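Trainee: Shown below is the structure under consideration.
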Amino acid sequence: MLPEDAPARAHHDMGGVSRFACEQVDKSHHEMTPFDRDVDALRQVLGGTGLFRTDELRRGIEGLPPDVYDRSSYYQRWLYSMVRMMLEKGVITEAELRARLSA
Amino acid sequence: MSRFAPGDAVRVRDSWPEAEGPVHIRTPHYLRGREGVVLRPLGQFPNPEDLAFGRPAPSIPLYHVRFAQDSIWPENQPGDEFLVEIYEHWLEAA
Amino acid sequence: MNLTEIPTDRLLAGFRGLLLEKGVVTEAALRQSDETMQAASPARGAEVVARAWTDEGFRARLLADGTRAVEEMGIFLIGAPPLGVVENDAALHHLIVCTLCSCYPRALLGYPPHWYKSAAFRARAVRDPRGLLREEWGTELPAGTRLRVVDSTADYRWMVLPRRPSGTEGWDAARLAGLIRDTDLIGVTIPTA
């Protein structure tokens, strides 16, 4: 049996997926944007506080709907996951975040 | 204690927990149910499947396991290998 | 609250501001983290490889325990997963990929390149990897060399120790380091003199 005939691959589990078999790899250099660097730094610092683990970051990314996963940049996925994890752990609340976003 | 030693033939469990509900697993889909050989133990790590949900995470042995590429995708070149970190609870003796 | 409907610049500003206001993170810690990342680069990886090519004892220690070995060079991968190093030789070539996400020895080499994180690379590196190397990087392995694809999915971060190119006899470590590109350290290319 080929892996593509298996019962239940998760979207992020991309090894060998035939949809990408003929897709060219974009090898151009993508400079880190200020957004990317800010998200990266937040992730490192939150990790260092012990509030949140790489495993949780990954769970949050893997839990994104496939269309959101595909259209989001790498660091946008990180941001969605981090916010979700901080909400889940009660480090921040939805009300606080809403207030900030409408300010 | 590690259950497997270098050279042991192992099989990755043909298990699909992602079909049951939210999980975080580190075993790629293309290795499920596949046979490989333990290259070496890589130490013990807290189980990421628990860490991902903030649960207490017991440390479990991790192994580097070799798989023949053409046993998974027949068009890949004979002799070529995959080498993948697999946690002990995903392995059974083959 | 559907986070993915919020423009991400706004979401970042709101989230970051909130964490700062609550004292969960500080500007100083964020700045420090960013600075630490700027210090990591493929050039550091190249120095590690060049040292391994010129110092047999270091090479052995690097293969046994990458994290500890690079400390000898003043590189401290604090808080990072263990660094594993896999060595290429005439019989065996390693290619690193992370099919599940983008695990990369970032504490040593810096931010992973865009291509490494792409769906195309992640998918193709395990299915027809030789075709991927040939079509995308023009890399052909020497006859008789087996390809071992390392799918980096768990608790290590893997780097390739390439083969020292022929024609570099007598070169010092600094000159050797100049040959090595980030792509050599992942195994999609092979350094030449």
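Ordered as shown in the structure tokens, chains take letters A, B, and onward, while each chain numbers its residues from 1 and ligands are numbered from 1 in the order shown.
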Compute the set of chain B residues within 7 Å of chain A, using only C-alpha atoms, and express it as a list in words.

Mentor: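 Applying the cut-off to the listed atoms yields Trp16, Glu18, Ala19, His24, Pro28, His29, Tyr30, Pro48, Leu51, Ala52, Phe53, Ile72 and Trp73 of chain B.
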
Trainee: Hey, could you make a per-residue contact list for range 43-77 of chain A against range 25-37 of chain A with 12 Å as the cut-off, showing the nearest pair of atoms and its distance in Å to one decimal, counting only C-alpha atoms, sorted by chain and number, as JSON lines?

Mentor:
```
{"residue": "A:Arg43", "atom": "CA", "partner": "A:Arg37", "partner_atom": "CA", "distance": 9.8}
{"residue": "A:Gln44", "atom": "CA", "partner": "A:Arg37", "partner_atom": "CA", "distance": 10.5}
{"residue": "A:Ser73", "atom": "CA", "partner": "A:Asp36", "partner_atom": "CA", "distance": 9.3}
{"residue": "A:Tyr74", "atom": "CA", "partner": "A:Asp36", "partner_atom": "CA", "distance": 8.5}
{"residue": "A:Tyr75", "atom": "CA", "partner": "A:Asp36", "partner_atom": "CA", "distance": 5.6}
{"residue": "A:Gln76", "atom": "CA", "partner": "A:Asp36", "partner_atom": "CA", "distance": 8.0}
{"residue": "A:Arg77", "atom": "CA", "partner": "A:Asp36", "partner_atom": "CA", "distance": 10.7}
```

Trainee: For a quick test of understanding: name the residues of chain C lying within 10 Å of chain B when counting only C-alpha atoms, and present them as a list of chain:residue names.

Mentor: C:Gly84, C:Leu92, C:His93, C:His94, C:Leu95, C:Ile96, C:Cys98, C:Thr99, C:Leu100, C:Cys101, C:Val126, C:Arg127, C:Asp128, C:Pro129, C:Arg130, C:Gly131, C:Gly144, C:Thr145, C:Arg146, C:Leu147, C:Arg148, C:Val149, C:Val150, C:Asp151, C:Ser152, C:Thr153, C:Ala154, C:Asp155, C:Tyr156

Trainee: Select from range 4-169 of chain C everything DSSP, run on the backbone, classes as alpha helix (DSSP H), then give the selection as an NGL selection string.

Mentor: :C and (8-21 or 27-39 or 42-54 or 56-64 or 66-71 or 106-109 or 114-117 or 119-124 or 129-137)

Trainee: Give the answer as one residue: which of A:Ser72, A:Trp78, A:Ala41, A:Ile61 has the shortest atom-to-atom distance to chain C, using only C-alpha atoms?

Mentor: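 Among A:Ser72, A:Trp78, A:Ala41, A:Ile61, it is A:Ala41 that comes nearest to chain C.
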
Trainee: Only residues of chain C matter here; which ones have an atom within 8 Å of chain A, counting only C-alpha atoms? Give them as a ChimeraX atom specification.

Mentor: /C:1,3-4,8-12,14-19,24-25,29-31,33-34,79,99-101,113-115,117-127,136

Trainee: Would you mind listing what lies within 12 Å of Glu169 in chain C as a PyMOL selection string, with only C-alpha atoms counted and same-chain residues fewer than 4 positions away left out?

Mentor: chain C and resi 53-54+164-165+173+175-176+193

Trainee: Write a file of the selected residues as a PDB file, in the first residue's frame, keeping C-alpha atoms.

Mentor:
```pdb
ATOM      1  CA  TRP C  53      37.683  18.999   8.918  1.00  0.00           C
ATOM      2  CA  THR C  54      40.935  20.151  10.505  1.00  0.00           C
ATOM      3  CA  ARG C 164      35.821  17.894   2.775  1.00  0.00           C
ATOM      4  CA  PRO C 165      36.272  18.718  -0.919  1.00  0.00           C
ATOM      5  CA  ALA C 173      40.002  26.360   8.853  1.00  0.00           C
ATOM      6  CA  ARG C 175      39.712  29.287   4.202  1.00  0.00           C
ATOM      7  CA  LEU C 176      37.742  26.036   4.362  1.00  0.00           C
ATOM      8  CA  ALA C 193      36.792  23.834  -3.873  1.00  0.00           C
TER       9      ALA C 193
END
```

Trainee: Need the shell around Val12 in chain B: protein/DNA/RNA residues with any atom at most 7 Å away, counting only C-alpha atoms. Skip same-chain ones fewer than 2 positions apart. Format as a list in words?

Mentor: Val10, Asp14, Leu31, Arg32, Gly33, Arg34, Glu35, Trp90, Leu91 and Glu92 of chain B

Trainee: Kindly export the residues of the current selection with N, CA and C atoms, as a PDB file, in the first residue's frame.

Mentor:
```pdb
ATOM      1  N   VAL B  10      12.190  -3.480  13.867  1.00  0.00           N
ATOM      2  CA  VAL B  10      10.999  -2.925  14.524  1.00  0.00           C
ATOM      3  C   VAL B  10       9.940  -2.596  13.478  1.00  0.00           C
ATOM      4  N   ASP B  14       0.688   0.700  13.265  1.00  0.00           N
ATOM      5  CA  ASP B  14      -0.215   1.157  12.210  1.00  0.00           C
ATOM      6  C   ASP B  14      -1.437   1.794  12.872  1.00  0.00           C
ATOM      7  N   LEU B  31       5.269   6.401   7.629  1.00  0.00           N
ATOM      8  CA  LEU B  31       5.985   5.303   8.302  1.00  0.00           C
ATOM      9  C   LEU B  31       5.059   4.358   9.061  1.00  0.00           C
ATOM     10  N   ARG B  32       3.783   4.692   9.144  1.00  0.00           N
ATOM     11  CA  ARG B  32       2.876   3.850   9.943  1.00  0.00           C
ATOM     12  C   ARG B  32       2.803   2.449   9.330  1.00  0.00           C
ATOM     13  N   GLY B  33       2.971   1.473  10.198  1.00  0.00           N
ATOM     14  CA  GLY B  33       2.894   0.084   9.753  1.00  0.00           C
ATOM     15  C   GLY B  33       4.140  -0.408   9.022  1.00  0.00           C
ATOM     16  N   ARG B  34       5.196   0.430   8.959  1.00  0.00           N
ATOM     17  CA  ARG B  34       6.381   0.078   8.176  1.00  0.00           C
ATOM     18  C   ARG B  34       7.456  -0.544   9.057  1.00  0.00           C
ATOM     19  N   GLU B  35       8.262  -1.417   8.447  1.00  0.00           N
ATOM     20  CA  GLU B  35       9.345  -2.051   9.183  1.00  0.00           C
ATOM     21  C   GLU B  35      10.654  -1.315   8.952  1.00  0.00           C
ATOM     22  N   TRP B  90       5.690   3.997  19.879  1.00  0.00           N
ATOM     23  CA  TRP B  90       5.231   3.832  18.499  1.00  0.00           C
ATOM     24  C   TRP B  90       5.834   2.594  17.842  1.00  0.00           C
ATOM     25  N   LEU B  91       6.727   1.892  18.564  1.00  0.00           N
ATOM     26  CA  LEU B  91       7.466   0.772  17.957  1.00  0.00           C
ATOM     27  C   LEU B  91       7.049  -0.554  18.558  1.00  0.00           C
ATOM     28  N   GLU B  92       7.032  -1.581  17.719  1.00  0.00           N
ATOM     29  CA  GLU B  92       6.871  -2.944  18.207  1.00  0.00           C
ATOM     30  C   GLU B  92       7.939  -3.796  17.541  1.00  0.00           C
TER      31      GLU B  92
END
```

Trainee: Just list as a count of residues only whatever in chain C DSSP marks as strand (DSSP E).

Mentor: 22

Trainee: What's around Val86 in chain C at 9 Å? Count only C-alpha atoms, leave out sequence neighbours fewer than 2 positions away in its own chain, and write the answer as a PDB file with N, CA, C and O atoms, in the first residue's frame.

Mentor:
```
ATOM      1  N   LEU C  63      30.384  14.628  16.417  1.00  0.00           N
ATOM      2  CA  LEU C  63      29.455  13.571  16.003  1.00  0.00           C
ATOM      3  C   LEU C  63      28.821  12.904  17.224  1.00  0.00           C
ATOM      4  O   LEU C  63      27.691  12.429  17.158  1.00  0.00           O
ATOM      5  N   GLY C  84      22.278  17.457  16.773  1.00  0.00           N
ATOM      6  CA  GLY C  84      22.850  16.212  16.259  1.00  0.00           C
ATOM      7  C   GLY C  84      23.542  16.495  14.938  1.00  0.00           C
ATOM      8  O   GLY C  84      23.072  17.318  14.158  1.00  0.00           O
ATOM      9  N   ASN C  88      28.626  13.000   6.209  1.00  0.00           N
ATOM     10  CA  ASN C  88      28.660  12.436   4.854  1.00  0.00           C
ATOM     11  C   ASN C  88      30.018  11.804   4.592  1.00  0.00           C
ATOM     12  O   ASN C  88      31.055  12.320   5.030  1.00  0.00           O
ATOM     13  N   HIS C  94      23.732  12.539   3.510  1.00  0.00           N
ATOM     14  CA  HIS C  94      22.543  12.858   4.300  1.00  0.00           C
ATOM     15  C   HIS C  94      21.843  14.106   3.764  1.00  0.00           C
ATOM     16  O   HIS C  94      22.496  15.075   3.380  1.00  0.00           O
ATOM     17  N   TRP C 158      19.094  18.517  13.484  1.00  0.00           N
ATOM     18  CA  TRP C 158      20.160  17.842  12.759  1.00  0.00           C
ATOM     19  C   TRP C 158      20.855  18.756  11.769  1.00  0.00           C
ATOM     20  O   TRP C 158      20.214  19.547  11.079  1.00  0.00           O
ATOM     21  N   MET C 159      22.193  18.591  11.715  1.00  0.00           N
ATOM     22  CA  MET C 159      22.998  19.319  10.733  1.00  0.00           C
ATOM     23  C   MET C 159      23.904  18.312  10.039  1.00  0.00           C
ATOM     24  O   MET C 159      24.321  17.318  10.639  1.00  0.00           O
ATOM     25  N   VAL C 160      24.207  18.579   8.790  1.00  0.00           N
ATOM     26  CA  VAL C 160      25.091  17.706   8.014  1.00  0.00           C
ATOM     27  C   VAL C 160      26.541  18.178   8.162  1.00  0.00           C
ATOM     28  O   VAL C 160      26.818  19.375   8.084  1.00  0.00           O
ATOM     29  N   LEU C 161      27.438  17.223   8.383  1.00  0.00           N
ATOM     30  CA  LEU C 161      28.875  17.480   8.254  1.00  0.00           C
ATOM     31  C   LEU C 161      29.265  16.988   6.865  1.00  0.00           C
ATOM     32  O   LEU C 161      29.372  15.785   6.627  1.00  0.00           O
ATOM     33  N   PRO C 162      29.435  17.939   5.899  1.00  0.00           N
ATOM     34  CA  PRO C 162      29.727  17.512   4.526  1.00  0.00           C
ATOM     35  C   PRO C 162      31.125  16.885   4.429  1.00  0.00           C
ATOM     36  O   PRO C 162      31.933  16.986   5.353  1.00  0.00           O
TER      37      PRO C 162
END
```
